[in-house]
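Worksheet: the structure to be examined is printed underneath.
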Amino acid sequence: MISSADTDQTQIVPARDVSSILFACNINAVRSAMAEAMVKARFPGKIFTDSCGVAPGDPDGFAISVMSEIGLDMTAHQPKGFDDLDCDFYDVIISFSPEAHDHAREITRNIDCETLYWPVDNLAGLQGSREERLRAYRAVRDDIAAKLDAYLPDGPAPGSDGEGVANT
C-alpha cells in the first residue's frame, strides 16, 4: 500500500487485495453514494464499503431513481460526513471531488491508506427538464460504474444481476 498517495486516476490501475473502500465526495448524496451501492452489490460481504461527504447533504431523488434503473436501491442511504466515520482502517479512499480528495489526503497523512482521485461530474446546481437531469445522472452513474469495472475487474458488472440491493 502507498501511504496517503496523491494519485490522480486518469489511468485506473486494477486494485490488489482491497478489503475496505471509502468513497468520498462533497455531500454524499450522489457520486459517493452510488459507488458505495455498486460495490456492496457486486461484492457482498467481501469488500467493506462506506461513503461520506465533506459535509453531509440530503438524499437525492434523481440519484435514487437512476440507481433503481439498474436494480440498486439507495432509498435507505443517509448522507454522512468524514466526521461521522472512523477513517483509520480503510485500504483506500476514492474521492470524486477535489474538496473530498484534499480532506482524504489530510486525514490519511499518518496512516497506511491509499488515496485516489477520480474526477466525476458534480451535479450540484444542475438545471434543465427532468429528463435532461436524469440523463446527466445516468452519465455520472455510468462513469462511476466504468471506473469501478476497471478498478475492481473481478465480479459482476454493477446492477447486472438485478439482485444487488445496497444496505446503505
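Identifiers for the C-alpha cells are assigned positionally: chains receive A, B, ... in sequence, residues are indexed from 1 per chain, and ligands are indexed from 1 in the order shown.
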List every residue of stretch 2-67 of chain A that has an atom at most 12 Å from any atom of stretch 141-148 of chain A, and for each one report the closest atom pair and its distance in Å to one decimal, counting only C-alpha atoms, with rows sorted by chain and then by increasing residue number, as a tab-separated table.
```
residue	atom	partner	partner_atom	distance
A:Gln9	CA	A:Lys147	CA	9.3
A:Thr10	CA	A:Lys147	CA	9.7
A:Gln11	CA	A:Lys147	CA	9.4
A:Ile12	CA	A:Lys147	CA	7.1
A:Val13	CA	A:Lys147	CA	9.7
A:Pro14	CA	A:Leu148	CA	9.0
A:Ala15	CA	A:Leu148	CA	9.8
A:Ile21	CA	A:Leu148	CA	11.5
A:Phe23	CA	A:Ile144	CA	11.0
A:Val30	CA	A:Arg141	CA	8.7
A:Arg31	CA	A:Arg141	CA	7.5
A:Ser32	CA	A:Ile144	CA	9.1
A:Ala33	CA	A:Arg141	CA	10.3
A:Met34	CA	A:Arg141	CA	6.8
A:Ala35	CA	A:Ile144	CA	6.5
A:Glu36	CA	A:Ile144	CA	10.3
A:Ala37	CA	A:Ala145	CA	10.5
A:Met38	CA	A:Ala145	CA	7.5
A:Val39	CA	A:Leu148	CA	8.0
A:Lys40	CA	A:Leu148	CA	11.8
A:Ala41	CA	A:Ala145	CA	11.9
A:Arg42	CA	A:Leu148	CA	10.2
A:Phe43	CA	A:Leu148	CA	11.7
A:Phe62	CA	A:Arg141	CA	10.8
A:Ala63	CA	A:Arg141	CA	8.3
A:Ile64	CA	A:Arg141	CA	10.7
A:Ser65	CA	A:Arg141	CA	10.9
A:Val66	CA	A:Arg141	CA	7.6
A:Met67	CA	A:Arg141	CA	7.6
```
Just write the chosen residues, C-alpha atoms, as a JSON list (two decimals), in the first residue's frame.
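File produced: selection_21.json:
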```json
[["chain", "number", "residue", "atom", "x", "y", "z"],
["A", 9, "GLN", "CA", -6.53, 8.17, -11.53],
["A", 10, "THR", "CA", -6.77, 9.23, -15.15],
["A", 11, "GLN", "CA", -5.49, 5.72, -15.92],
["A", 12, "ILE", "CA", -7.14, 3.40, -13.41],
["A", 13, "VAL", "CA", -4.97, 0.53, -12.25],
["A", 14, "PRO", "CA", -6.82, -2.57, -11.01],
["A", 15, "ALA", "CA", -6.84, -2.93, -7.22],
["A", 21, "ILE", "CA", -13.05, 1.19, 0.49],
["A", 23, "PHE", "CA", -15.89, 6.70, -1.29],
["A", 30, "VAL", "CA", -24.92, 11.22, -5.44],
["A", 31, "ARG", "CA", -21.42, 10.14, -6.54],
["A", 32, "SER", "CA", -20.01, 8.51, -3.41],
["A", 33, "ALA", "CA", -23.39, 7.01, -2.50],
["A", 34, "MET", "CA", -23.72, 5.50, -6.00],
["A", 35, "ALA", "CA", -20.23, 3.99, -5.81],
["A", 36, "GLU", "CA", -20.93, 2.54, -2.36],
["A", 37, "ALA", "CA", -24.16, 0.91, -3.57],
["A", 38, "MET", "CA", -22.43, -0.56, -6.63],
["A", 39, "VAL", "CA", -19.56, -2.13, -4.69],
["A", 40, "LYS", "CA", -21.85, -3.51, -1.98],
["A", 41, "ALA", "CA", -24.00, -5.14, -4.66],
["A", 42, "ARG", "CA", -21.06, -6.60, -6.61],
["A", 43, "PHE", "CA", -19.04, -7.80, -3.62],
["A", 62, "PHE", "CA", -32.53, 11.67, -9.03],
["A", 63, "ALA", "CA", -29.64, 9.51, -7.78],
["A", 64, "ILE", "CA", -32.11, 7.11, -6.17],
["A", 65, "SER", "CA", -34.09, 6.95, -9.42],
["A", 66, "VAL", "CA", -31.19, 6.22, -11.78],
["A", 67, "MET", "CA", -29.76, 3.61, -9.41]]
```
Open item on the list: Taking the DSSP secondary structure from the backbone, can you list the residues of chain A that are helix (DSSP H, G or I), as a ChimeraX atom specification?
Closed with: /A:31-42,61-68,82-84,98-107,130-151
Limited to C-alpha atoms, could you put the picked residues into a file as an mmCIF file, in the first residue's frame?
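Result written to result24.cif:
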```
data_model
loop_
_atom_site.group_PDB
_atom_site.id
_atom_site.type_symbol
_atom_site.label_atom_id
_atom_site.label_comp_id
_atom_site.auth_asym_id
_atom_site.auth_seq_id
_atom_site.Cartn_x
_atom_site.Cartn_y
_atom_site.Cartn_z
ATOM 1 C CA ARG A 31 -21.417 10.145 -6.539
ATOM 2 C CA SER A 32 -20.011 8.509 -3.412
ATOM 3 C CA ALA A 33 -23.390 7.009 -2.504
ATOM 4 C CA MET A 34 -23.723 5.499 -5.999
ATOM 5 C CA ALA A 35 -20.234 3.987 -5.810
ATOM 6 C CA GLU A 36 -20.935 2.543 -2.356
ATOM 7 C CA ALA A 37 -24.163 0.907 -3.574
ATOM 8 C CA MET A 38 -22.426 -0.559 -6.635
ATOM 9 C CA VAL A 39 -19.562 -2.130 -4.688
ATOM 10 C CA LYS A 40 -21.853 -3.512 -1.980
ATOM 11 C CA ALA A 41 -23.998 -5.141 -4.661
ATOM 12 C CA ARG A 42 -21.063 -6.601 -6.607
ATOM 13 C CA GLY A 61 -34.172 11.652 -5.610
ATOM 14 C CA PHE A 62 -32.526 11.673 -9.035
ATOM 15 C CA ALA A 63 -29.643 9.512 -7.777
ATOM 16 C CA ILE A 64 -32.114 7.115 -6.172
ATOM 17 C CA SER A 65 -34.094 6.951 -9.417
ATOM 18 C CA VAL A 66 -31.186 6.215 -11.775
ATOM 19 C CA MET A 67 -29.761 3.614 -9.409
ATOM 20 C CA SER A 68 -33.125 1.840 -9.249
ATOM 21 C CA PHE A 82 -15.999 12.363 7.220
ATOM 22 C CA ASP A 83 -16.516 13.301 10.879
ATOM 23 C CA ASP A 84 -19.213 10.618 11.206
ATOM 24 C CA PRO A 98 -11.123 17.955 -5.305
ATOM 25 C CA GLU A 99 -12.519 19.053 -1.916
ATOM 26 C CA ALA A 100 -13.088 15.460 -0.805
ATOM 27 C CA HIS A 101 -9.662 14.426 -2.085
ATOM 28 C CA ASP A 102 -7.968 17.223 -0.133
ATOM 29 C CA HIS A 103 -9.793 16.102 3.007
ATOM 30 C CA ALA A 104 -8.894 12.443 2.398
ATOM 31 C CA ARG A 105 -5.212 13.311 1.975
ATOM 32 C CA GLU A 106 -5.283 15.349 5.165
ATOM 33 C CA ILE A 107 -6.823 12.629 7.343
ATOM 34 C CA ARG A 130 -36.474 16.231 -15.519
ATOM 35 C CA GLU A 131 -35.345 14.097 -18.481
ATOM 36 C CA GLU A 132 -32.253 16.255 -19.060
ATOM 37 C CA ARG A 133 -31.291 15.936 -15.407
ATOM 38 C CA LEU A 134 -31.908 12.186 -15.438
ATOM 39 C CA ARG A 135 -29.623 11.904 -18.490
ATOM 40 C CA ALA A 136 -26.873 13.738 -16.599
ATOM 41 C CA TYR A 137 -27.316 11.496 -13.544
ATOM 42 C CA ARG A 138 -27.206 8.388 -15.752
ATOM 43 C CA ALA A 139 -23.955 9.634 -17.301
ATOM 44 C CA VAL A 140 -22.436 10.081 -13.825
ATOM 45 C CA ARG A 141 -23.693 6.640 -12.746
ATOM 46 C CA ASP A 142 -22.232 5.040 -15.868
ATOM 47 C CA ASP A 143 -18.926 6.904 -15.477
ATOM 48 C CA ILE A 144 -18.574 5.628 -11.912
ATOM 49 C CA ALA A 145 -19.551 2.088 -12.978
ATOM 50 C CA ALA A 146 -16.886 2.126 -15.723
ATOM 51 C CA LYS A 147 -14.226 3.321 -13.283
ATOM 52 C CA LEU A 148 -15.236 0.623 -10.784
ATOM 53 C CA ASP A 149 -15.141 -2.039 -13.519
ATOM 54 C CA ALA A 150 -11.549 -1.019 -14.269
ATOM 55 C CA TYR A 151 -10.531 -0.822 -10.595
#
```
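With only C-alpha atoms taken into account, the protein and nucleic acid residues at most 7 Å from A:Ile94 (excluding it and anything under 3 positions from it in its own chain) are Leu22, Phe23, Ala24, Thr115, Leu116, Tyr117 and Trp118 of chain A.
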TODO: Extract the full set of strand (DSSP E or B) residues from chain A according to DSSP on the backbone, and format it as a list in words.
DONE: Asp6, Thr7, Asp8, Ser20, Ile21, Leu22, Phe23, Ala24, Cys25, Phe48, Thr49, Asp50, Ser51, Cys52, Gly53, Gly81, Val92, Ile93, Ile94, Ser95, Glu114, Thr115, Leu116 and Tyr117 of chain A
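Taking atom CA of A:Asn122 as the reference point, atom CA of A:Ile27 is found at 10.4 Å.
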Task: Exercise: A:Pro119 partners within 8 Å, only C-alpha atoms, chain neighbours under 6 positions left out, as a PyMOL selection string - done: chain A and resi 95-98
Write out the residues from the selection above, keeping N, CA and C atoms, as a short mmCIF file (atom, residue, chain, number, x, y, z; two decimals), in the first residue's frame.
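Full text of out-v4.cif as output:
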```cif
data_model
loop_
_atom_site.label_atom_id
_atom_site.label_comp_id
_atom_site.auth_asym_id
_atom_site.auth_seq_id
_atom_site.Cartn_x
_atom_site.Cartn_y
_atom_site.Cartn_z
N SER A 95 -11.92 9.49 -3.94
CA SER A 95 -12.64 10.77 -3.91
C SER A 95 -13.08 11.15 -5.32
N PHE A 96 -14.27 11.74 -5.40
CA PHE A 96 -14.84 12.17 -6.67
C PHE A 96 -14.83 13.69 -6.84
N SER A 97 -14.32 14.42 -5.86
CA SER A 97 -14.24 15.87 -5.96
C SER A 97 -12.90 16.32 -5.38
N PRO A 98 -12.39 17.45 -5.86
CA PRO A 98 -11.12 17.96 -5.30
C PRO A 98 -11.21 18.23 -3.80
#
```
